[in-house]
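A.B. asks: If you scroll down you'll find the structure; I have some questions about it.
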Amino acid sequence: MRFFVNYRIVMQLHIQQLNITVPNQEKPLLSIPDFQLNSGEHLAILGPSGSGKTTLLNAITGLIPVSPNQVLWDNTDIHQLSASQCDNWRFAHIGLIMQNFHLTTGLTALENVLLPYSFRHWTIPTAVKQRAYALLEKMDFLAPDRLVESLSRGEMQRVAIARALLSKPKVIIADEPTASLDQKNGQIITALLKDLATQEKCSLLVATHDLRLADSLALRIYLQDGQIQYKDD
Ligand SMILES: Nc1ncnc2c1ncn2[C@@H]1O[C@H](COP(=O)(O)OP(=O)(O)OP(=O)(O)O)[C@@H](O)[C@H]1O
Ligand SMILES: [Mg+2]
């Protein structure tokens, strides 16, 4: 008899004995004995400047090296992958929104949204272009042909979010997505991120100083000197 297993795409994060040190520094940058985030959960990572928020995001996305078996996504140890395999894994699974957007000047908003995809494919199917337009539209960004350097920071943030979501990642990771936005735009971006993550059934991990943003997510951890001081849900 054959059993048919209904494979669901899940992305569970499991951190165990994560310890990141730098030479000539006794204290680790990050020391997390055990932490788990289930698929679809929304987490805020709080903590003062220098507490390790960005280091944690970099560690779980494979952007900095970590010892084997300390960061697992659905039992995949991304730090055992080759650099190009890890890049491909990140592209396939994670929508990354970095602190300073990392948009490419000289290109339009739409071209920026499509750029990571175009690095990996010879041609861009119409359906992908349509998704790019639709994501921008969903965020009330109606100027896909404008050069990114002419955009406001709130508009740039929308472009960065659309770019992160283009490939339908199962996990959205954002580093200080409301930093340097005014309160109104901060609230708009917060609502957009949450709504898009919910609609697309993504996990959402956000490093932030913005308590309003943190309060709007279901789970919070607070980092201090690279350690989780408390969890709150
Ligand atoms: N490659 C590195 N070598 C040495 N120290 C580093 C390195 N990367 C980060 N650090 C240090 O690790 C600590 C945590 O930095 P991190 O950028 O993760 O903090 P953060 O919580 O994101 O701060 P912020 O809120 O200002 O963005 C800081 O003291 C930083 O100087
Ligand atoms: Mg940071």
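Residue numbering restarts at 1 for every chain of the structure tokens, chains are lettered A, B, ... in their displayed order, and ligands are numbered from 1 as they appear.
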Residues contacting ligand 1 - anything with an atom at most 12 Å away, using only C-alpha atoms and all ligand atoms - can you give me those as a VMD selection string?
C.D. replies: chain A and resid 20 to 31 45 to 59 63 to 65 98 to 100 174 to 177 179 206 to 210 222 to 228
A.B. asks: Mind checking DSSP for stretch 28-167 of chain A and telling me the alpha helix (DSSP H) residues as a PyMOL selection string?
C.D. replies: chain A and resi 53-60+83-93+109-120+126-138+153-165
A.B. asks: Find the spatial neighbours of A:Trp73, counting only C-alpha atoms, within a cut-off of 8 Å - ignore same-chain residues fewer than 6 positions away - and output them as a list in words.
C.D. replies: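 Skipping anything fewer than 6 positions along the chain leaves Met11, Gln12, Leu13 and His14 of chain A.
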A.B. asks: Could those residues be written to a file, using all heavy atoms, as a PDB file, in the first residue's frame?
C.D. replies:
```
ATOM      1  N   MET A  11       8.468  26.607   6.989  1.00  0.00           N
ATOM      2  CA  MET A  11       9.814  27.125   7.219  1.00  0.00           C
ATOM      3  C   MET A  11       9.947  27.392   8.702  1.00  0.00           C
ATOM      4  O   MET A  11       9.642  28.473   9.183  1.00  0.00           O
ATOM      5  CB  MET A  11      10.031  28.421   6.419  1.00  0.00           C
ATOM      6  CG  MET A  11      10.305  28.181   4.962  1.00  0.00           C
ATOM      7  SD  MET A  11      11.896  27.391   4.684  1.00  0.00           S
ATOM      8  CE  MET A  11      12.960  28.798   4.902  1.00  0.00           C
ATOM      9  N   GLN A  12      10.347  26.344   9.401  1.00  0.00           N
ATOM     10  CA  GLN A  12      10.521  26.514  10.831  1.00  0.00           C
ATOM     11  C   GLN A  12      11.990  26.817  11.122  1.00  0.00           C
ATOM     12  O   GLN A  12      12.881  26.129  10.617  1.00  0.00           O
ATOM     13  CB  GLN A  12      10.087  25.242  11.556  1.00  0.00           C
ATOM     14  CG  GLN A  12      10.087  25.405  13.058  1.00  0.00           C
ATOM     15  CD  GLN A  12       9.906  24.077  13.744  1.00  0.00           C
ATOM     16  OE1 GLN A  12      10.652  23.123  13.514  1.00  0.00           O
ATOM     17  NE2 GLN A  12       8.904  23.994  14.587  1.00  0.00           N
ATOM     18  N   LEU A  13      12.188  27.830  11.927  1.00  0.00           N
ATOM     19  CA  LEU A  13      13.558  28.201  12.306  1.00  0.00           C
ATOM     20  C   LEU A  13      13.882  27.587  13.655  1.00  0.00           C
ATOM     21  O   LEU A  13      13.096  27.699  14.596  1.00  0.00           O
ATOM     22  CB  LEU A  13      13.662  29.732  12.403  1.00  0.00           C
ATOM     23  CG  LEU A  13      14.944  30.291  13.030  1.00  0.00           C
ATOM     24  CD1 LEU A  13      16.161  29.986  12.156  1.00  0.00           C
ATOM     25  CD2 LEU A  13      14.817  31.797  13.252  1.00  0.00           C
ATOM     26  N   HIS A  14      15.021  26.923  13.716  1.00  0.00           N
ATOM     27  CA  HIS A  14      15.470  26.399  15.002  1.00  0.00           C
ATOM     28  C   HIS A  14      16.923  26.818  15.233  1.00  0.00           C
ATOM     29  O   HIS A  14      17.800  26.490  14.436  1.00  0.00           O
ATOM     30  CB  HIS A  14      15.335  24.874  15.031  1.00  0.00           C
ATOM     31  CG  HIS A  14      15.507  24.306  16.403  1.00  0.00           C
ATOM     32  ND1 HIS A  14      15.562  22.978  16.688  1.00  0.00           N
ATOM     33  CD2 HIS A  14      15.650  24.929  17.608  1.00  0.00           C
ATOM     34  CE1 HIS A  14      15.728  22.791  17.988  1.00  0.00           C
ATOM     35  NE2 HIS A  14      15.778  23.961  18.552  1.00  0.00           N
TER      36      HIS A  14
END
```
A.B. asks: Near A:Ser152, within 12 Å and counting only C-alpha atoms, which residues show up once chain neighbours fewer than 5 positions away are dropped, as a VMD selection string?
C.D. replies: chain A and resid 101 109 141 143 146 to 147 157 to 159 180 to 182 185
A.B. asks: Give me every strand (DSSP E or B) residue in stretch 9-223 of chain A, going by DSSP on the backbone, as a PyMOL selection string.
C.D. replies: chain A and resi 13-20+30-37+42-46+71-73+76-77+94-97+108+147+171-175+203-207+219-223
A.B. asks: For the selection just defined, write its residues with C-alpha atoms to a file, as a short mmCIF file (atom, residue, chain, number, x, y, z; two decimals), in the first residue's frame.
C.D. replies:
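Dumped to out-v3.cif:
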```
data_model
loop_
_atom_site.label_atom_id
_atom_site.label_comp_id
_atom_site.auth_asym_id
_atom_site.auth_seq_id
_atom_site.Cartn_x
_atom_site.Cartn_y
_atom_site.Cartn_z
CA LEU A 13 13.56 28.20 12.31
CA HIS A 14 15.47 26.40 15.00
CA ILE A 15 18.47 27.99 16.69
CA GLN A 16 20.51 25.85 19.05
CA GLN A 17 23.68 26.73 20.93
CA LEU A 18 24.29 29.66 18.59
CA ASN A 19 27.51 31.33 19.59
CA ILE A 20 29.16 33.99 17.51
CA LEU A 30 25.56 36.49 20.02
CA SER A 31 24.82 33.67 22.43
CA ILE A 32 21.44 31.96 22.04
CA PRO A 33 21.09 28.48 23.56
CA ASP A 34 17.72 27.67 22.06
CA PHE A 35 15.09 29.48 20.05
CA GLN A 36 12.36 28.34 17.72
CA LEU A 37 10.04 30.19 15.38
CA HIS A 42 5.41 37.17 13.32
CA LEU A 43 8.34 38.13 15.55
CA ALA A 44 9.81 41.47 16.59
CA ILE A 45 13.46 41.52 17.65
CA LEU A 46 14.02 44.38 20.04
CA VAL A 71 20.88 27.49 12.66
CA LEU A 72 18.41 25.10 11.07
CA TRP A 73 15.54 25.92 8.75
CA THR A 76 18.43 22.32 6.63
CA ASP A 77 21.68 23.64 7.98
CA ILE A 94 13.77 34.57 2.28
CA GLY A 95 12.54 38.03 1.38
CA LEU A 96 15.18 40.33 2.83
CA ILE A 97 14.59 43.99 3.51
CA THR A 108 13.46 52.47 -12.09
CA LEU A 147 14.10 56.28 -11.01
CA VAL A 171 9.90 34.16 5.30
CA ILE A 172 10.16 37.95 5.32
CA ILE A 173 13.05 39.43 7.25
CA ALA A 174 13.28 43.17 7.73
CA ASP A 175 15.99 45.12 9.52
CA SER A 203 6.79 34.19 8.67
CA LEU A 204 7.86 37.71 9.53
CA LEU A 205 10.97 38.63 11.51
CA VAL A 206 11.59 42.31 12.12
CA ALA A 207 14.48 43.90 13.97
CA LEU A 219 5.79 37.65 19.37
CA ARG A 220 8.70 39.68 20.72
CA ILE A 221 12.20 38.90 21.91
CA TYR A 222 14.43 41.42 23.58
CA LEU A 223 18.18 41.19 23.01
#
```
